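**Student:** To be precise about what I am sending: the file is called protein_11.cif and holds mmCIF, C-alpha atoms and all ligand atoms.
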data_work
#
loop_
_atom_site.label_atom_id
_atom_site.label_comp_id
_atom_site.auth_asym_id
_atom_site.auth_seq_id
_atom_site.Cartn_x
_atom_site.Cartn_y
_atom_site.Cartn_z
CA MET S 21 -10.71 0.85 21.43
CA GLN S 22 -8.90 0.06 24.66
CA ASN S 23 -5.21 -0.12 25.29
CA SER S 24 -5.27 -3.54 26.90
CA GLU S 25 -4.57 -5.33 23.65
CA MET S 26 -1.55 -3.16 23.06
CA SER S 27 0.41 -4.82 25.81
CA HIS S 28 3.01 -6.45 23.61
CA PRO S 29 6.31 -4.70 23.97
CA ILE S 30 7.93 -3.50 20.79
CA ALA S 31 11.56 -4.44 20.61
CA LEU S 32 12.84 -1.00 19.80
CA PRO S 33 16.40 -0.82 18.54
CA ARG S 34 18.48 1.96 20.00
CA ARG S 35 16.89 5.27 19.20
CA GLY S 36 19.86 6.51 17.29
CA ASP S 37 19.49 3.76 14.69
CA ARG S 38 16.01 4.78 13.79
CA LYS S 39 14.94 7.34 11.27
CA THR S 40 12.06 9.59 12.20
CA ILE S 41 8.98 10.19 10.11
CA THR S 42 6.42 12.89 10.85
CA PHE S 43 2.90 12.63 9.48
CA VAL S 44 1.44 16.02 8.60
CA ILE S 45 -2.34 15.81 8.63
CA PRO S 46 -4.34 18.95 7.82
CA PHE S 47 -8.01 18.95 8.74
CA HIS S 48 -10.93 21.26 8.30
CA ASN S 49 -14.22 20.18 9.85
CA GLU S 50 -13.36 16.51 10.12
CA ALA S 51 -14.84 15.92 13.59
CA LEU S 52 -16.25 12.55 12.62
CA ASN S 53 -12.96 11.29 11.21
CA LEU S 54 -10.30 12.31 13.70
CA GLU S 55 -10.82 9.54 16.23
CA ALA S 56 -10.62 6.89 13.50
CA MET S 57 -7.60 8.71 12.16
CA VAL S 58 -5.84 8.47 15.52
CA ASP S 59 -6.61 4.75 15.73
CA ALA S 60 -5.27 4.18 12.25
CA LEU S 61 -2.17 6.22 13.02
CA ASP S 62 -1.50 4.35 16.26
CA ALA S 63 -1.92 1.00 14.56
CA TYR S 64 0.35 2.01 11.72
CA ALA S 65 3.02 3.45 14.00
CA LYS S 66 3.13 0.18 15.87
CA ALA S 67 3.32 -1.92 12.72
CA ALA S 68 5.85 0.38 11.06
CA ALA S 69 8.19 0.22 14.04
CA ARG S 70 8.34 -3.54 13.59
CA LYS S 71 8.82 -3.46 9.83
CA TRP S 72 11.13 -0.52 9.42
CA PRO S 73 13.89 1.14 11.40
CA VAL S 74 11.67 4.17 11.90
CA THR S 75 9.87 6.07 14.62
CA VAL S 76 6.64 7.79 13.70
CA ASP S 77 5.03 10.94 15.09
CA ALA S 78 2.35 13.30 13.82
CA VAL S 79 1.43 16.94 13.43
CA PHE S 80 -2.27 17.67 13.03
CA VAL S 81 -3.02 21.06 11.52
CA ASP S 82 -6.43 22.49 12.34
CA ASP S 83 -7.25 24.63 9.35
CA GLY S 84 -9.87 26.82 11.02
CA SER S 85 -12.42 24.13 11.77
CA SER S 86 -15.77 25.36 13.00
CA ASP S 87 -16.90 22.00 14.38
CA ASP S 88 -15.73 20.28 17.57
CA GLY S 89 -12.96 18.34 15.83
CA VAL S 90 -10.24 19.81 17.99
CA ASP S 91 -11.97 18.73 21.21
CA ARG S 92 -12.57 15.29 19.81
CA LEU S 93 -8.95 14.95 18.79
CA GLN S 94 -7.85 16.00 22.27
CA THR S 95 -10.25 13.55 23.90
CA ALA S 96 -9.27 10.73 21.58
CA LEU S 97 -5.60 11.23 22.42
CA ALA S 98 -6.25 11.57 26.13
CA GLN S 99 -8.02 8.22 26.00
CA ARG S 100 -5.08 6.66 24.16
CA PRO S 101 -2.04 7.74 26.13
CA ARG S 102 0.24 5.25 24.42
CA GLY S 103 1.33 5.74 20.89
CA PRO S 104 3.35 8.07 18.75
CA ALA S 105 3.85 11.68 19.77
CA VAL S 106 1.15 14.00 18.46
CA ARG S 107 1.32 17.75 18.16
CA MET S 108 -1.47 19.99 16.99
CA ILE S 109 -1.33 23.50 15.64
CA ARG S 110 -4.42 25.55 15.05
CA LEU S 111 -4.36 28.18 12.38
CA SER S 112 -6.13 31.42 13.18
CA ARG S 113 -8.72 30.78 10.45
CA ASN S 114 -9.33 28.62 7.41
CA PHE S 115 -6.40 29.18 5.08
CA GLY S 116 -6.99 26.26 2.74
CA LYS S 117 -5.33 22.91 2.54
CA GLU S 118 -2.27 24.05 0.61
CA VAL S 119 -1.36 26.58 3.28
CA ALA S 120 -2.26 24.19 6.11
CA LEU S 121 0.22 21.71 4.67
CA ALA S 122 2.87 24.41 4.51
CA ALA S 123 2.18 25.31 8.16
CA GLY S 124 2.58 21.69 9.20
CA LEU S 125 5.71 21.30 7.13
CA ASP S 126 7.30 24.30 8.83
CA LEU S 127 7.30 22.40 12.13
CA VAL S 128 8.79 19.17 10.92
CA GLN S 129 12.26 18.18 12.07
CA ALA S 130 12.15 14.50 11.18
CA ASP S 131 14.18 12.65 8.56
CA ALA S 132 11.10 12.46 6.38
CA VAL S 133 7.55 13.71 6.28
CA VAL S 134 4.39 12.00 5.06
CA MET S 135 1.45 14.20 4.15
CA MET S 136 -1.94 12.65 4.49
CA ASP S 137 -5.62 13.65 4.43
CA ALA S 138 -7.61 13.37 7.64
CA ASP S 139 -10.58 11.62 6.06
CA LEU S 140 -8.90 8.19 5.78
CA GLN S 141 -8.99 8.29 2.00
CA HIS S 142 -5.24 7.81 1.96
CA PRO S 143 -4.51 4.23 3.01
CA PHE S 144 -1.74 3.76 5.55
CA SER S 145 -0.78 0.57 3.71
CA VAL S 146 0.60 2.72 0.87
CA VAL S 147 2.97 4.41 3.31
CA ASP S 148 5.00 1.18 3.41
CA ALA S 149 5.66 1.59 -0.29
CA PHE S 150 6.67 5.21 0.36
CA ILE S 151 9.13 4.18 3.05
CA HIS S 152 10.49 1.42 0.86
CA GLY S 153 11.15 3.90 -1.96
CA TRP S 154 12.84 6.28 0.43
CA LEU S 155 14.90 3.95 2.63
CA ASN S 156 15.72 1.14 0.22
CA GLU S 157 15.74 2.85 -3.15
CA GLY S 158 17.00 6.29 -2.20
CA TYR S 159 14.18 8.42 -3.60
CA GLU S 160 13.76 11.89 -2.11
CA ILE S 161 10.05 12.03 -2.91
CA VAL S 162 7.67 9.10 -3.18
CA TYR S 163 4.15 10.11 -4.14
CA GLY S 164 0.84 8.40 -4.47
CA VAL S 165 -0.90 8.43 -7.80
CA ALA S 166 -4.60 7.96 -7.33
CA SER S 167 -6.84 6.10 -9.69
CA HIS S 168 -9.86 8.32 -10.18
CA LYS S 169 -12.30 6.01 -11.87
CA SER S 170 -15.10 7.00 -9.59
CA GLU S 171 -15.06 10.73 -10.25
CA GLY S 172 -17.15 11.12 -13.36
CA ALA S 173 -16.33 12.11 -16.91
CA VAL S 174 -16.41 15.90 -16.50
CA LYS S 175 -13.99 16.03 -13.57
CA ASN S 176 -11.68 13.56 -15.29
CA ALA S 177 -11.65 15.55 -18.52
CA ALA S 178 -10.97 18.78 -16.62
CA ARG S 179 -8.15 17.08 -14.76
CA ARG S 180 -6.61 15.89 -18.01
CA ALA S 181 -6.88 19.30 -19.67
CA PHE S 182 -5.29 20.98 -16.66
CA HIS S 183 -2.33 18.64 -16.56
CA HIS S 184 -1.93 18.97 -20.28
CA LEU S 185 -1.68 22.75 -20.03
CA MET S 186 0.72 22.66 -17.11
CA ASN S 187 2.93 20.01 -18.61
CA ALA S 188 3.09 21.42 -22.10
CA HIS S 189 4.54 24.71 -20.97
CA GLY S 190 5.34 24.70 -17.29
CA GLU S 191 8.99 24.60 -16.31
CA ALA S 192 8.81 21.21 -14.65
CA PRO S 193 6.34 18.52 -15.63
CA ILE S 194 3.70 17.63 -13.10
CA ALA S 195 2.76 14.03 -12.55
CA ARG S 196 -0.84 13.39 -13.47
CA ASP S 197 -3.20 12.40 -10.68
CA ALA S 198 -0.47 12.91 -8.13
CA GLY S 199 -1.76 14.66 -5.04
CA ASP S 200 -0.46 15.68 -1.67
CA PHE S 201 -0.31 12.14 -0.36
CA ARG S 202 3.43 11.59 -0.41
CA LEU S 203 6.65 11.15 1.48
CA LEU S 204 9.35 13.80 1.31
CA SER S 205 12.87 13.32 2.56
CA ARG S 206 14.45 16.01 4.68
CA ARG S 207 16.23 17.38 1.66
CA ALA S 208 12.99 17.61 -0.29
CA TYR S 209 10.86 19.18 2.43
CA GLU S 210 13.53 21.68 3.33
CA ALA S 211 13.68 22.70 -0.32
CA LEU S 212 9.90 23.02 -0.37
CA ARG S 213 9.99 25.25 2.71
CA ARG S 214 12.19 27.71 0.87
CA LEU S 215 9.49 28.39 -1.70
CA GLY S 216 7.70 31.25 -0.05
CA GLU S 217 5.01 32.14 -2.53
CA ARG S 218 1.59 33.04 -1.19
CA GLN S 219 -0.41 31.47 -3.99
CA ARG S 220 0.55 27.92 -3.67
CA MET S 221 -0.38 24.99 -5.72
CA MET S 222 1.57 22.27 -4.03
CA LYS S 223 1.58 20.05 -7.11
CA GLY S 224 3.53 22.63 -9.05
CA LEU S 225 5.97 23.14 -6.19
CA TYR S 226 6.66 19.44 -5.72
CA SER S 227 7.78 19.09 -9.29
CA TRP S 228 9.65 22.38 -9.31
CA ILE S 229 12.05 21.27 -6.60
CA GLY S 230 13.07 18.24 -8.65
CA PHE S 231 15.15 15.46 -7.00
CA ARG S 232 14.61 11.78 -7.62
CA GLN S 233 10.91 11.07 -7.42
CA LYS S 234 8.95 7.87 -7.58
CA ALA S 235 5.27 7.27 -8.20
CA VAL S 236 3.27 4.68 -6.31
CA PRO S 237 -0.20 3.90 -7.69
CA PHE S 238 -2.97 3.49 -5.15
CA THR S 239 -6.72 3.39 -4.98
CA PRO S 240 -8.14 6.09 -2.70
CA LEU S 241 -10.59 4.75 -0.16
CA ARG S 242 -14.03 6.18 0.39
CA ARG S 243 -14.25 9.10 2.72
CA HIS S 244 -14.71 7.83 6.28
CA ALA S 245 -17.36 10.44 7.13
CA GLY S 246 -18.51 13.86 5.98
CA ARG S 247 -18.18 15.42 2.56
CA ALA S 248 -15.28 16.64 0.47
CA LYS S 249 -14.59 20.33 0.95
CA PHE S 250 -13.47 21.30 -2.48
CA SER S 251 -16.37 23.00 -4.22
CA PRO S 252 -16.21 23.53 -7.98
CA LEU S 253 -15.47 27.22 -7.34
CA LYS S 254 -12.59 26.40 -4.97
CA LEU S 255 -11.19 23.96 -7.49
CA TRP S 256 -11.45 26.58 -10.22
CA MET S 257 -9.53 29.10 -8.09
CA LEU S 258 -6.90 26.51 -7.30
CA THR S 259 -6.63 25.70 -10.99
CA LEU S 260 -6.09 29.38 -11.81
CA ASP S 261 -3.45 29.56 -9.08
CA GLY S 262 -1.81 26.52 -10.52
CA ILE S 263 -1.73 27.89 -14.03
CA THR S 264 -0.59 31.39 -13.16
CA SER S 265 2.07 30.22 -10.74
CA ASN S 266 3.44 27.59 -13.07
CA THR S 267 3.35 28.92 -16.61
CA LEU S 268 3.39 32.20 -18.52
CA LEU S 269 1.72 30.60 -21.51
CA PRO S 270 -1.58 32.56 -21.24
CA LEU S 271 0.35 35.84 -21.34
CA ARG S 272 2.30 34.72 -24.38
CA LEU S 273 -0.90 33.62 -26.06
CA ALA S 274 -2.01 37.26 -26.10
CA ALA S 275 0.91 38.19 -28.31
CA ILE S 276 0.48 35.16 -30.53
CA ILE S 277 -3.25 35.68 -31.03
CA GLY S 278 -2.69 39.43 -31.50
CA LEU S 279 -0.20 38.70 -34.25
CA PHE S 280 -2.59 36.24 -35.84
CA ALA S 281 -5.46 38.75 -35.73
CA ALA S 282 -3.21 41.47 -37.18
CA LEU S 283 -2.27 39.26 -40.11
CA LEU S 284 -5.88 38.29 -40.67
CA THR S 285 -7.29 41.81 -40.58
CA GLY S 286 -4.30 43.21 -42.50
CA GLY S 287 -4.87 40.66 -45.24
CA TYR S 288 -8.55 41.39 -45.30
CA GLY S 289 -7.88 45.14 -45.50
CA LEU S 290 -5.52 44.69 -48.40
CA TRP S 291 -8.06 42.52 -50.15
CA THR S 292 -10.81 45.14 -49.80
CA ILE S 293 -8.57 47.82 -51.27
CA ILE S 294 -7.66 45.62 -54.23
CA GLU S 295 -11.33 44.73 -54.76
CA LYS S 296 -12.33 48.37 -54.73
CA LEU S 297 -9.50 49.73 -56.89
CA PHE S 298 -9.14 47.04 -59.51
CA PHE S 299 -12.54 45.39 -59.67
CA GLY S 300 -14.76 48.22 -58.55
CA ILE S 301 -16.64 46.01 -56.12
CA PRO S 302 -18.29 48.16 -53.42
CA THR S 303 -17.13 47.21 -49.89
CA PRO S 304 -19.87 46.04 -47.56
CA GLY S 305 -19.41 48.52 -44.73
CA TYR S 306 -21.53 48.11 -41.63
CA PRO S 307 -21.57 44.31 -41.05
CA THR S 308 -17.81 43.99 -41.57
CA ILE S 309 -17.06 46.74 -39.12
CA VAL S 310 -19.41 45.39 -36.48
CA VAL S 311 -17.92 41.91 -36.71
CA ILE S 312 -14.33 43.11 -36.63
CA VAL S 313 -14.84 45.60 -33.82
CA GLY S 314 -16.73 43.01 -31.78
CA PHE S 315 -14.10 40.34 -32.35
CA VAL S 316 -11.15 42.56 -31.55
CA GLY S 317 -12.94 43.95 -28.47
CA ALA S 318 -13.64 40.48 -27.14
CA VAL S 319 -10.09 39.27 -27.65
CA GLN S 320 -8.75 42.37 -25.93
CA LEU S 321 -11.04 41.93 -22.94
CA ILE S 322 -10.15 38.28 -22.55
CA PHE S 323 -6.46 39.05 -22.43
CA LEU S 324 -7.00 42.03 -20.20
CA GLY S 325 -8.55 39.49 -17.84
CA VAL S 326 -5.56 37.20 -18.23
CA ILE S 327 -3.17 40.06 -17.46
CA GLY S 328 -5.39 40.94 -14.50
CA GLU S 329 -5.03 37.40 -13.12
CA TYR S 330 -1.26 37.67 -13.18
CA LEU S 331 -1.23 41.25 -11.93
CA GLY S 332 -3.45 40.37 -8.98
CA ARG S 333 -1.07 37.64 -8.03
CA VAL S 334 1.88 39.97 -8.25
CA LEU S 335 0.06 42.29 -5.86
CA VAL S 336 -0.52 39.50 -3.36
CA GLU S 337 3.12 38.46 -3.48
CA VAL S 338 4.36 42.03 -3.18
CA ARG S 339 2.26 42.70 -0.09
CA GLY S 340 4.34 40.01 1.54
CA ARG S 341 1.88 39.00 4.23
CA PRO S 342 2.72 35.89 6.19
CA LEU S 343 1.41 32.71 4.68
CA TYR S 344 -0.62 31.82 7.77
CA LEU S 345 -1.08 32.73 11.42
CA VAL S 346 -0.97 30.23 14.24
CA GLU S 347 -3.46 30.46 17.07
CA SER S 348 -2.04 27.72 19.25
CA ASP S 349 0.53 24.99 19.19
CA VAL S 350 0.15 22.16 21.68
CA THR S 351 1.59 18.75 22.29
CA LEU S 352 -1.37 16.42 22.67
CA ARG S 353 0.58 13.27 23.34
CA VAL S 354 4.18 12.56 24.12
CA GLN S 355 5.87 9.55 22.65
CA ARG S 356 5.28 6.59 24.94
CA ARG S 357 6.44 3.13 24.22
CA ILE S 358 3.84 0.45 24.35
CA ALA S 359 3.84 -0.91 27.91
CA SER S 360 6.45 -3.49 28.67
N1 LIG S 401 -8.77 20.45 4.18
C1 LIG S 401 -8.12 21.49 4.85
N2 LIG S 401 -8.52 22.78 4.61
C2 LIG S 401 -9.51 23.08 3.72
C3 LIG S 401 -10.11 22.02 3.02
C4 LIG S 401 -9.72 20.73 3.27
O1 LIG S 401 -7.23 21.27 5.65
O2 LIG S 401 -9.82 24.26 3.56
C5 LIG S 401 -8.35 19.07 4.45
C6 LIG S 401 -9.49 18.11 4.73
O3 LIG S 401 -9.89 18.17 6.07
C7 LIG S 401 -8.87 16.79 4.36
C8 LIG S 401 -7.97 17.16 3.19
O4 LIG S 401 -7.73 18.55 3.30
O5 LIG S 401 -8.08 16.27 5.40
C9 LIG S 401 -8.60 16.80 1.85
O6 LIG S 401 -9.84 17.44 1.74
P1 LIG S 401 -11.13 16.76 1.13
O7 LIG S 401 -11.25 15.36 1.61
O8 LIG S 401 -12.26 17.67 1.41
O9 LIG S 401 -10.82 16.81 -0.42
P2 LIG S 401 -10.54 15.65 -1.50
O10 LIG S 401 -9.14 15.92 -1.95
O11 LIG S 401 -10.67 14.32 -0.84
O12 LIG S 401 -11.56 15.89 -2.54
MG MG S 402 -10.96 13.57 0.89
#
Kindly return the structure encoded in the file as structure tokens.
**Tutor:**
Amino acid sequence: MQNSEMSHPIALPRRGDRKTITFVIPFHNEALNLEAMVDALDAYAKAAARKWPVTVDAVFVDDGSSDDGVDRLQTALAQRPRGPAVRMIRLSRNFGKEVALAAGLDLVQADAVVMMDADLQHPFSVVDAFIHGWLNEGYEIVYGVASHKSEGAVKNAARRAFHHLMNAHGEAPIARDAGDFRLLSRRAYEALRRLGERQRMMKGLYSWIGFRQKAVPFTPLRRHAGRAKFSPLKLWMLTLDGITSNTLLPLRLAAIIGLFAALLTGGYGLWTIIEKLFFGIPTPGYPTIVVIVGFVGAVQLIFLGVIGEYLGRVLVEVRGRPLYLVESDVTLRVQRRIAS
């Protein structure tokens, strides 16, 4: 796309009257999407400046891409010198989307931040609803709630079970189907920055900080190009992180089930003694013992595993390593008004 058609001047009010919004866009191997992303961002920034008293800029976070996405992003921006300011930080390796978002968030100084995927699945049109909720209705967080009809029964059921677990016993309820696509006011993102845990499940953190929050339903678009990066294994790990960082229920279950098993076996023991003493019925030895020993062993191992999950996370937190390392931080485009 050429710049020639962008020759209409935008009647910018004085800068001081405008609020600033930074888009934080993490990407990992999205080479085929970044150019389209820049076009969409430029178009939205232009439209938003007309509709709202806001100025838009963006931080792209390269989460250890191994393709040529960074070069393409640089080229795309060099070819489009007019548009919102764009900064890019590159992490030293792939840290995962949750951490990439945190890295981007750490740089933000704007009045609000909008977090968005780089694959164009999050429609810019929804951002208007975010801004409306923030500017006109005073919400600190406005988040997108995706309809997931297309994802298949298994993934949907898993999603439901997960949210059920988290919401039944977590400290702060988590909105179902809410993702990272959202707007956070300065107050909200500064609060989020203070949560320094290494194992992050953003969803849990968003709800933990509280504030007035509003949901905006939207239909995610199809991925522009490439494939989703969350493998079942990655999702499973993230789910474990989410559970262990949000609720102590699995640990408590150990005590509850232990108590239950004690009552059960105690009762059974008493019954065998009564049988033997008063009715003279011989106790069946071997099978009973095998079943009980096997059952108790299995329950113990399961909860040893649960304790291990929590303990491992304590270790990671105690080590206190930085959340991420930055390889470079460059300004790819400075804010330039559309030619007048
Ligand atoms: N992403 C990232 N680091 C990763 C994996 C993904 O920054 O390790 C980015 C990815 O480039 C995209 C967003 O996170 O911008 C969402 O990822 P994806 O589309 O693969 O997942 P979805 O949520 O759509 O299934
Ligand atoms: Mg996606």
**Student:** Between CA of Met136 in chain S and CA of Ile229 in chain S, what distance in Å does the model show, to one decimal?
**Tutor:** 19.8 Å
**Student:** So that I can check the surroundings of range 258-263 of chain S, please list as a list in words every protein, DNA and RNA residue that reaches within 7 Å of it, counting all atoms listed in the file and ignoring chain neighbours fewer than 5 positions away.
**Tutor:** Met186, Gln219, Arg220, Met221 and Gly224 of chain S
**Student:** What residues have any atom no more than 7 Å from ligand MG 402 (chain S) when counting all atoms listed in the file, and can you list them as a count of residues only?
**Tutor:** 5
**Student:** For a quick check of understanding, using all atoms listed in the file, which of S:Leu61, S:Leu185, S:Ala149, S:Leu140 has the smallest distance to ligand LIG 401 (chain S)?
**Tutor:** S:Leu140
**Student:** Provide the CA of His244 in chain S to CA of Glu347 in chain S distance in Å, to one decimal place.
**Tutor:**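 That distance, rounded to one decimal, is 27.5 Å.
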**Student:** Give the residue list for ligand LIG 401 (chain S) at 9 Å, counting only C-alpha atoms and all ligand atoms, as an MDAnalysis selection string, sorted by chain and then by residue number.
**Tutor:** chainID S and resid 45:50 81:85 114:121 136:142 199:200 240 242:243 246:251
